[in-house]
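Shown next: model_11.txt, given as compact mmCIF, C-alpha atoms and all ligand atoms.
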# COMPACT_ATOMS: atom_id res chain seq x y z
CA SER A 936 21.04 2.11 -1.69
CA ASP A 937 20.09 0.02 -4.71
CA ALA A 938 16.42 0.32 -3.73
CA GLU A 939 16.55 4.12 -3.52
CA ARG A 940 18.37 4.43 -6.85
CA LYS A 941 15.76 2.19 -8.53
CA GLN A 942 12.94 4.24 -7.03
CA LEU A 943 14.43 7.53 -8.25
CA ASP A 944 14.98 6.06 -11.72
CA ASP A 945 11.41 4.84 -11.77
CA LEU A 946 10.02 8.19 -10.68
CA LYS A 947 11.86 9.81 -13.58
CA LYS A 948 10.60 7.21 -16.01
CA ALA A 949 7.03 7.20 -14.68
CA HIS A 950 5.94 10.15 -16.77
CA SER A 951 7.23 8.68 -20.03
CA TYR A 952 5.64 5.23 -19.52
CA VAL A 953 2.38 4.56 -21.33
CA ALA A 954 0.82 1.61 -19.58
CA LYS A 955 -1.06 -0.89 -21.75
CA ASN A 956 -3.43 -1.86 -18.92
CA LYS A 957 -5.40 0.02 -16.30
CA PRO A 958 -5.33 -0.74 -12.57
CA LEU A 959 -8.16 -3.08 -11.58
CA VAL A 960 -9.02 -0.71 -8.73
CA THR A 961 -7.92 2.81 -7.85
CA ASN A 962 -9.67 3.32 -4.50
CA ILE A 963 -6.82 1.52 -2.70
CA TYR A 964 -3.25 0.49 -3.58
CA THR A 965 -2.99 -3.23 -4.33
CA ALA A 966 -0.15 -5.64 -5.18
CA ASP A 967 0.82 -9.31 -5.52
CA PRO A 968 -2.42 -10.40 -7.24
CA SER A 969 -3.23 -14.09 -6.79
CA ALA A 970 -6.17 -14.81 -9.08
CA HIS A 971 -8.38 -17.90 -9.10
CA VAL A 972 -11.58 -18.93 -10.81
CA PHE A 973 -14.01 -20.08 -8.14
CA GLU A 974 -17.40 -21.30 -9.39
CA GLY A 975 -16.87 -19.66 -12.78
CA LYS A 976 -15.82 -16.21 -11.56
CA ILE A 977 -12.39 -14.58 -11.08
CA TYR A 978 -11.46 -13.61 -7.53
CA VAL A 979 -8.24 -11.71 -6.92
CA TYR A 980 -6.39 -11.96 -3.60
CA PRO A 981 -3.93 -9.05 -3.48
CA SER A 982 -1.80 -7.37 -0.84
CA HIS A 983 -3.22 -4.02 0.31
CA ASP A 984 -0.40 -1.47 0.08
CA ILE A 985 -0.43 1.51 2.42
CA GLU A 986 1.54 4.75 2.77
CA THR A 987 4.66 4.47 4.91
CA ASP A 988 7.47 6.79 5.78
CA ASN A 989 9.99 6.71 2.90
CA SER A 990 12.82 6.47 5.42
CA SER A 991 11.66 2.90 6.06
CA MET A 992 12.68 1.90 2.52
CA ASN A 993 15.38 -0.78 2.65
CA ASP A 994 16.36 -4.21 1.34
CA GLN A 995 14.38 -5.78 4.19
CA GLY A 996 11.16 -4.36 2.72
CA ASP A 997 10.21 -2.41 5.87
CA HIS A 998 8.25 -0.02 3.62
CA PHE A 999 5.79 -2.86 2.88
CA ALA A 1000 3.89 -2.40 6.15
CA MET A 1001 0.47 -3.71 5.14
CA CYS A 1002 -2.06 -4.45 7.86
CA ASP A 1003 -5.14 -5.94 6.19
CA TYR A 1004 -6.38 -7.75 3.09
CA HIS A 1005 -9.20 -6.98 0.65
CA VAL A 1006 -10.61 -9.40 -1.96
CA LEU A 1007 -11.54 -8.26 -5.48
CA SER A 1008 -13.89 -10.00 -7.91
CA ILE A 1009 -14.41 -9.45 -11.63
CA ASP A 1010 -17.84 -9.59 -13.22
CA ASN A 1011 -17.93 -12.13 -16.07
CA ASP A 1012 -20.10 -9.99 -18.35
CA THR A 1013 -18.98 -6.42 -17.68
CA ASP A 1014 -15.41 -6.88 -16.40
CA GLU A 1015 -16.43 -4.56 -13.57
CA VAL A 1016 -14.23 -5.04 -10.52
CA THR A 1017 -15.69 -5.08 -7.00
CA ASP A 1018 -13.62 -4.43 -3.90
CA HIS A 1019 -15.31 -6.52 -1.21
CA GLY A 1020 -13.65 -4.63 1.66
CA VAL A 1021 -11.58 -5.97 4.53
CA ALA A 1022 -11.45 -9.78 4.50
CA LEU A 1023 -8.82 -10.23 7.22
CA ALA A 1024 -7.02 -7.73 9.47
CA LEU A 1025 -3.77 -7.93 11.42
CA GLU A 1026 -5.51 -7.37 14.76
CA ASP A 1027 -7.48 -10.59 14.22
CA ILE A 1028 -4.38 -12.76 13.72
CA LYS A 1029 -3.09 -13.84 17.13
CA TRP A 1030 0.34 -15.02 16.05
CA ALA A 1031 1.22 -12.11 13.70
CA SER A 1032 2.92 -8.83 14.54
CA LYS A 1033 3.21 -6.98 11.21
CA GLN A 1034 3.63 -6.97 7.42
CA LEU A 1035 0.78 -8.84 5.76
CA TRP A 1036 2.54 -9.62 2.47
CA ALA A 1037 1.49 -11.50 -0.68
CA PRO A 1038 -1.42 -13.92 -0.04
CA ASP A 1039 -3.22 -16.64 -1.97
CA ALA A 1040 -6.44 -18.66 -1.65
CA ALA A 1041 -7.93 -22.06 -2.46
CA HIS A 1042 -11.40 -23.60 -2.65
CA LYS A 1043 -12.16 -27.10 -1.39
CA ALA A 1044 -15.49 -28.78 -0.62
CA GLY A 1045 -17.45 -25.52 -0.28
CA LYS A 1046 -14.85 -23.82 1.94
CA TYR A 1047 -12.34 -21.13 1.06
CA TYR A 1048 -8.83 -21.08 2.51
CA PHE A 1049 -6.73 -17.93 2.59
CA TYR A 1050 -2.94 -18.27 2.96
CA PHE A 1051 -0.85 -15.28 4.01
CA PRO A 1052 2.64 -14.46 5.29
CA ALA A 1053 3.34 -12.18 8.23
CA ARG A 1054 6.05 -11.65 10.81
CA ASP A 1055 5.34 -13.60 13.98
CA LEU A 1056 5.76 -12.14 17.46
CA GLU A 1057 9.55 -12.68 17.19
CA GLY A 1058 9.82 -10.93 13.81
CA ILE A 1059 10.19 -14.16 11.81
CA PHE A 1060 8.11 -14.50 8.63
CA ARG A 1061 5.66 -17.42 8.80
CA ILE A 1062 2.68 -18.50 6.75
CA GLY A 1063 -0.80 -18.57 8.19
CA VAL A 1064 -4.14 -19.88 7.01
CA ALA A 1065 -7.65 -18.55 7.54
CA SER A 1066 -10.98 -19.91 6.32
CA SER A 1067 -14.43 -18.78 5.31
CA ASP A 1068 -17.62 -20.06 3.68
CA SER A 1069 -17.35 -17.23 1.14
CA PRO A 1070 -14.60 -16.53 -1.42
CA VAL A 1071 -14.56 -12.88 -0.30
CA GLY A 1072 -14.36 -13.58 3.43
CA PRO A 1073 -14.37 -12.49 6.14
CA PHE A 1074 -11.72 -15.11 6.89
CA VAL A 1075 -11.08 -16.49 10.37
CA ALA A 1076 -7.40 -17.11 11.05
CA GLU A 1077 -6.11 -20.21 12.80
CA GLU A 1078 -4.62 -19.62 16.27
CA ASN A 1079 -1.09 -20.25 15.05
CA TYR A 1080 0.86 -20.23 11.79
CA ILE A 1081 1.20 -23.44 9.75
CA ALA A 1082 3.65 -25.71 11.55
CA ASN A 1083 7.05 -25.78 9.80
CA SER A 1084 6.13 -22.86 7.54
CA PHE A 1085 8.53 -19.97 7.08
CA SER A 1086 9.39 -17.10 4.71
CA ILE A 1087 6.81 -15.45 2.41
CA ASP A 1088 4.65 -15.53 -0.73
CA PRO A 1089 2.47 -18.64 -0.40
CA ALA A 1090 0.87 -19.90 -3.63
CA VAL A 1091 -1.54 -22.85 -3.68
CA PHE A 1092 -1.79 -25.18 -6.65
CA GLU A 1093 -4.66 -27.65 -7.00
CA ASP A 1094 -3.72 -30.60 -9.18
CA ASP A 1095 -6.19 -32.56 -11.32
CA ASP A 1096 -6.25 -35.42 -8.78
CA GLY A 1097 -7.50 -33.10 -6.03
CA SER A 1098 -4.13 -32.72 -4.27
CA TYR A 1099 -3.18 -29.24 -3.08
CA TYR A 1100 0.41 -28.01 -2.80
CA LEU A 1101 1.74 -24.87 -1.13
CA TYR A 1102 4.74 -23.15 -2.73
CA PHE A 1103 6.54 -20.37 -0.86
CA GLY A 1104 9.76 -18.48 -0.15
CA GLY A 1105 11.45 -15.17 -0.81
CA LEU A 1106 14.96 -13.75 -0.44
CA TRP A 1107 16.22 -10.65 1.43
CA GLY A 1108 13.22 -9.28 3.43
CA GLY A 1109 11.50 -12.64 2.87
CA GLN A 1110 14.24 -14.30 5.01
CA LEU A 1111 14.78 -17.43 2.88
CA GLN A 1112 18.54 -16.97 3.34
CA ASN A 1113 18.09 -17.28 7.12
CA TRP A 1114 16.89 -20.90 7.00
CA HIS A 1115 19.96 -22.68 5.61
CA GLN A 1116 20.33 -24.90 8.68
CA GLY A 1117 16.67 -25.88 8.82
CA GLN A 1118 16.02 -23.36 11.59
CA PHE A 1119 15.95 -19.60 11.68
CA SER A 1120 19.32 -17.91 12.05
CA LEU A 1121 19.85 -14.16 12.33
CA ASN A 1122 22.83 -14.47 9.97
CA ASP A 1123 22.13 -14.30 6.25
CA HIS A 1124 23.68 -17.21 4.43
CA TYR A 1125 24.15 -17.33 0.65
CA PRO A 1126 26.10 -20.15 -0.98
CA ASP A 1127 29.09 -19.21 -3.17
CA ASP A 1128 28.32 -17.63 -6.54
CA ASN A 1129 28.85 -20.83 -8.55
CA GLN A 1130 26.67 -22.95 -6.22
CA PRO A 1131 22.97 -23.73 -6.80
CA ALA A 1132 20.79 -20.72 -6.00
CA LEU A 1133 18.65 -20.78 -2.85
CA PRO A 1134 15.50 -22.65 -3.82
CA ALA A 1135 11.81 -21.85 -3.45
CA LYS A 1136 10.06 -24.29 -1.11
CA MET A 1137 6.92 -26.42 -1.29
CA ALA A 1138 4.91 -29.02 0.59
CA LYS A 1139 1.70 -30.94 0.02
CA LEU A 1140 -1.26 -29.73 2.08
CA SER A 1141 -3.30 -31.95 4.40
CA ASP A 1142 -6.88 -32.96 3.62
CA ASP A 1143 -8.19 -30.21 5.90
CA MET A 1144 -5.89 -27.67 4.14
CA LEU A 1145 -4.46 -26.44 7.45
CA SER A 1146 -1.07 -28.14 7.62
CA PHE A 1147 1.73 -29.77 5.63
CA VAL A 1148 1.57 -33.56 5.26
CA GLU A 1149 5.21 -33.91 4.38
CA GLU A 1150 8.62 -32.35 4.92
CA VAL A 1151 9.17 -29.06 3.17
CA ARG A 1152 11.00 -29.68 -0.11
CA ASP A 1153 13.25 -27.57 -2.38
CA ILE A 1154 12.16 -26.49 -5.85
CA VAL A 1155 15.13 -27.06 -8.13
CA ILE A 1156 15.38 -24.94 -11.28
CA LEU A 1157 17.72 -26.34 -13.92
CA ASP A 1158 19.29 -24.58 -16.88
CA GLY A 1159 19.04 -26.04 -20.40
CA SER A 1160 21.98 -28.39 -19.77
CA GLY A 1161 20.44 -29.93 -16.64
CA LYS A 1162 22.56 -28.01 -14.11
CA PRO A 1163 20.94 -26.05 -11.27
CA ILE A 1164 20.75 -22.29 -11.85
CA THR A 1165 23.46 -20.69 -9.71
CA VAL A 1166 23.52 -17.95 -7.09
CA ALA A 1167 25.29 -15.52 -9.45
CA ASP A 1168 22.73 -15.99 -12.23
CA ASN A 1169 20.56 -13.05 -11.09
CA ASP A 1170 18.67 -12.88 -14.38
CA ARG A 1171 17.25 -16.38 -13.89
CA ARG A 1172 17.50 -17.43 -10.25
CA PHE A 1173 14.45 -17.64 -7.97
CA PHE A 1174 13.89 -14.62 -5.72
CA GLU A 1175 10.18 -14.63 -4.66
CA ALA A 1176 6.57 -14.78 -5.95
CA SER A 1177 6.11 -18.50 -6.72
CA TRP A 1178 3.17 -19.55 -8.87
CA VAL A 1179 2.26 -22.88 -10.50
CA HIS A 1180 -0.14 -23.55 -13.34
CA LYS A 1181 -0.65 -26.62 -15.50
CA TYR A 1182 -0.75 -26.49 -19.28
CA ASN A 1183 -1.07 -29.52 -21.56
CA GLY A 1184 -0.23 -31.85 -18.69
CA ARG A 1185 3.00 -30.07 -17.72
CA TYR A 1186 3.71 -28.00 -14.62
CA TYR A 1187 4.81 -24.38 -15.07
CA PHE A 1188 6.63 -22.85 -12.10
CA SER A 1189 6.84 -19.06 -12.45
CA TYR A 1190 8.53 -16.56 -10.12
CA SER A 1191 10.16 -13.17 -9.75
CA THR A 1192 13.92 -12.80 -10.20
CA GLY A 1193 13.87 -9.92 -7.68
CA ASP A 1194 16.80 -7.61 -8.26
CA THR A 1195 16.66 -8.19 -12.03
CA HIS A 1196 12.88 -7.61 -11.95
CA ASN A 1197 11.74 -10.35 -14.37
CA ILE A 1198 8.81 -12.72 -14.01
CA ALA A 1199 10.43 -15.91 -15.32
CA TYR A 1200 9.23 -19.48 -15.73
CA ALA A 1201 10.43 -23.06 -15.79
CA ILE A 1202 8.62 -26.28 -16.81
CA GLY A 1203 8.55 -29.70 -15.15
CA ASP A 1204 6.70 -33.02 -15.25
CA SER A 1205 5.73 -33.14 -11.57
CA PRO A 1206 4.44 -30.57 -9.05
CA TYR A 1207 7.64 -31.34 -7.10
CA GLY A 1208 9.91 -30.40 -10.00
CA PRO A 1209 12.64 -30.28 -11.06
CA PHE A 1210 11.74 -27.46 -13.43
CA THR A 1211 13.79 -26.41 -16.44
CA TYR A 1212 14.20 -22.69 -17.08
CA GLN A 1213 12.39 -21.44 -20.19
CA GLY A 1214 12.38 -17.64 -20.29
CA VAL A 1215 10.73 -14.40 -19.23
CA ILE A 1216 6.94 -14.02 -18.95
CA LEU A 1217 6.88 -10.34 -17.95
CA ASN A 1218 9.64 -7.78 -18.50
CA PRO A 1219 10.44 -5.42 -15.58
CA VAL A 1220 7.60 -3.11 -14.55
CA LEU A 1221 7.58 0.32 -12.98
CA GLY A 1222 8.58 -0.19 -9.31
CA TRP A 1223 11.16 -2.52 -7.76
CA THR A 1224 8.97 -5.58 -7.21
CA SER A 1225 7.18 -7.79 -9.70
CA HIS A 1226 4.62 -10.39 -8.70
CA HIS A 1227 1.99 -12.19 -10.71
CA SER A 1228 -0.46 -15.07 -11.10
CA ILE A 1229 -1.73 -17.03 -14.09
CA VAL A 1230 -5.28 -18.33 -14.48
CA PHE A 1231 -7.49 -19.79 -17.20
CA HIS A 1232 -10.90 -18.20 -17.64
CA GLN A 1233 -13.50 -18.20 -20.41
CA GLY A 1234 -11.16 -19.84 -22.94
CA LYS A 1235 -8.17 -17.56 -22.33
CA TRP A 1236 -5.10 -17.52 -20.11
CA CYS A 1237 -4.73 -14.34 -18.07
CA LEU A 1238 -1.68 -12.85 -16.38
CA PHE A 1239 -2.34 -10.77 -13.28
CA TYR A 1240 0.56 -8.53 -12.27
CA HIS A 1241 1.28 -5.24 -10.54
CA ASP A 1242 3.25 -2.08 -11.14
CA SER A 1243 3.61 1.31 -9.48
CA THR A 1244 1.97 3.49 -12.13
CA LEU A 1245 -0.94 4.51 -9.87
CA SER A 1246 1.47 6.18 -7.41
CA GLY A 1247 3.80 7.62 -10.09
CA GLY A 1248 6.48 5.04 -9.38
CA GLN A 1249 6.51 4.58 -5.60
CA THR A 1250 7.69 1.04 -5.07
CA HIS A 1251 5.48 0.26 -2.05
CA LEU A 1252 2.31 1.79 -3.54
CA ARG A 1253 1.32 -0.54 -6.35
CA CYS A 1254 -1.74 -1.42 -8.41
CA VAL A 1255 -2.85 -4.79 -9.78
CA LYS A 1256 -3.59 -5.29 -13.47
CA LYS A 1257 -4.70 -8.01 -15.87
CA THR A 1258 -3.63 -8.90 -19.39
CA GLU A 1259 -3.82 -11.89 -21.74
CA LEU A 1260 -1.07 -14.51 -21.66
CA VAL A 1261 -0.35 -16.71 -24.69
CA HIS A 1262 1.22 -20.18 -24.87
CA ASP A 1263 2.54 -20.89 -28.37
CA GLU A 1264 2.15 -24.24 -30.18
CA ASN A 1265 5.18 -25.61 -28.27
CA GLY A 1266 3.83 -24.51 -24.91
CA LYS A 1267 6.26 -21.59 -24.65
CA ILE A 1268 4.89 -18.40 -23.12
CA SER A 1269 5.21 -15.20 -25.17
CA THR A 1270 7.04 -12.46 -23.25
CA ILE A 1271 4.84 -9.56 -22.17
CA THR A 1272 5.89 -5.90 -21.90
CA ALA A 1273 3.53 -3.79 -19.82
CA TYR A 1274 4.14 -0.50 -21.64
CA GLU A 1275 3.88 0.91 -25.18
O1 LIG B 1 4.19 -7.09 -1.15
C1 LIG B 1 5.30 -7.36 -0.33
C2 LIG B 1 6.30 -8.18 -1.07
O2 LIG B 1 6.72 -7.48 -2.24
C3 LIG B 1 5.77 -9.48 -1.61
O3 LIG B 1 5.60 -10.46 -0.63
C4 LIG B 1 6.79 -9.77 -2.64
O4 LIG B 1 6.45 -10.77 -3.53
C5 LIG B 1 6.93 -8.41 -3.29
O5 LIG B 1 5.94 -8.19 -4.26
Write out the structure in this file as structure tokens.
Amino acid sequence: SDAERKQLDDLKKAHSYVAKNKPLVTNIYTADPSAHVFEGKIYVYPSHDIETDNSSMNDQGDHFAMCDYHVLSIDNDTDEVTDHGVALALEDIKWASKQLWAPDAAHKAGKYYFYFPARDLEGIFRIGVASSDSPVGPFVAEENYIANSFSIDPAVFEDDDGSYYLYFGGLWGGQLQNWHQGQFSLNDHYPDDNQPALPAKMAKLSDDMLSFVEEVRDIVILDGSGKPITVADNDRRFFEASWVHKYNGRYYFSYSTGDTHNIAYAIGDSPYGPFTYQGVILNPVLGWTSHHSIVFHQGKWCLFYHDSTLSGGQTHLRCVKKTELVHDENGKISTITAYE
């Protein structure tokens, strides 16, 4: 399969790659780092990768079989990273059956909210929320997933006016292609190649941060001529790993292009989009997936990302890393390559 070929290629390349950045932690495998500055300090909310049988490797992502979450924090003075241990475990989430994939977190009025995708008891990916008085948990999950949520990779964006928005969605194993009729269908559905690509999704969060206050909306990504990016445009179309940050009053929607392995970005004038495609933030990394977050801390923009260097190229055993991200004088982001 495509996934197996990519993994073999990566294993061959692993020994010749010289990574520019070190893993934040090496005691566990980590991925999908969502970083935030809470009360002046960086907290990272990653997936916790675990060993699985290689025969489970497929386009559905069965090899990503994670069953708990840890939170990391970074000391402002020493850059030392602390792993705060298990913050939420599968057995404590009533509605979830397996696969705790890429999470995110938010802080509001002294409380911390942790958003995470998992398969429900019917095998359908949904998004749940858990809360805590501490940024490192432990988090207590709500009884059920967020009503009307589906698919994977939640990312919360807090706007300057105190509104919070949840962005989400992912293709293939993330099941976005199974929701074309507004309800889950076992049949994958992709529009024709020249049609607009399947969009990421978003909705505004309620005051209590536990539900959507509006219908789920599509995130439209336009090309330079104002036309939606199409299904066949694999180098630029949305695949998974939504993230939003604001720079100079404009909204930057960044995401993974999946099977072309870029972290790309698009800019818009509203958190609802539309967003116009701009370019690549991070070139492909070692391993099939790429997933990131962008945060401003102590006068600099940081990119958090993952690769598979810690496991010598095994796609489901990743490690999270941090590097500087630069916006030029026109607000364009300089493309980053993770290796010498
Ligand atoms: O970690 C499992 C999945 O892999 C994430 O949800 C995707 O974004 C990809 O990184």
>> Restricting the calculation to all atoms listed in the file: of A:Ser969, A:Thr1013, A:Ser991, A:Asn956, which residue gets closest to His1180 (chain A)?
In response: A:Ser969
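Proximal residues of ligand LIG 1 (chain B) are A:Ala966, A:Asp967, A:Ser982, A:Phe999, A:Trp1036, A:Ala1037, A:Ile1087, A:Asp1088, A:Glu1175, A:Ala1176, A:Thr1224, A:Ser1225, A:His1226, by a cut-off of 7 Å on only C-alpha atoms and all ligand atoms.
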>> Please compute the CA of Pro1070 (chain A)-CA of Tyr1047 (chain A) distance, one decimal, in Å.
In response: 5.7 Å
>> Which residues are close to region 1058-1062 of chain A, i.e. within 12 Å by all atoms listed in the file, leaving aside same-chain residues fewer than 4 positions away? Reply as a PyMOL selection string.
In response: chain A and resi 995+997+1028+1030-1039+1049-1054+1076-1077+1079-1090+1101-1114+1118-1121+1145-1147
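When the distance limit is 12 Å and all atoms listed in the file are what count, the residues near Ser1069 (chain A), minus those fewer than 6 positions from it on the same chain, are Phe973, Glu974, Tyr978, Val1006, His1019, Ala1022, Ala1040, Ala1041, His1042, Lys1043, Ala1044, Gly1045, Lys1046, Tyr1047, Tyr1048, Phe1049 and Val1075 of chain A.
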> Leaving out Ile1009 (chain A) and any residue of its chain fewer than 5 positions from it, which residues lie within 8 Å of it when counting all atoms listed in the file, given as a list of chain:residue names?
Replying inline: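 In the requested format, the answer is A:Lys976, A:Ile977, A:Tyr978, A:Asp1014, A:Glu1015, A:Val1016, A:Thr1017.
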How would the residues just picked look written out with C-alpha atoms as a short mmCIF file (atom, residue, chain, number, x, y, z; two decimals), in the frame of the given file?
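Generated file (result25.cif):
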data_model
loop_
_atom_site.label_atom_id
_atom_site.label_comp_id
_atom_site.auth_asym_id
_atom_site.auth_seq_id
_atom_site.Cartn_x
_atom_site.Cartn_y
_atom_site.Cartn_z
CA LYS A 976 -15.82 -16.21 -11.56
CA ILE A 977 -12.39 -14.58 -11.08
CA TYR A 978 -11.46 -13.61 -7.53
CA ASP A 1014 -15.41 -6.88 -16.40
CA GLU A 1015 -16.43 -4.56 -13.57
CA VAL A 1016 -14.23 -5.04 -10.52
CA THR A 1017 -15.69 -5.08 -7.00
#
>> Just to confirm, what's the straight-line distance from CA of Asp988 (chain A) to CA of Ser1243 (chain A) in Å (one decimal)?
In response: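 These two atoms are separated by 16.7 Å.
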> What is the distance between CA of Ser1141 (chain A) and CA of Gln1116 (chain A), in Å to one decimal?
Replying inline: 25.0 Å
>> Excluding Val1155 (chain A) and its own-chain neighbours fewer than 5 positions away, which residues fall within 8 Å of it when counting only C-alpha atoms? Please give them as a list in words.
In response: Pro1134, Ala1135, Pro1163, Gly1208, Pro1209 and Phe1210 of chain A
>> Given the point (11.2, -13.6, -17.5) in the coordinates of this file, which residues lie within 6 Å, counting only C-alpha atoms, and how would they look as a list in words?
In response: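 Output: Asn1197, Ile1198, Ala1199, Gly1214, Val1215, Ile1216 and Leu1217 of chain A.
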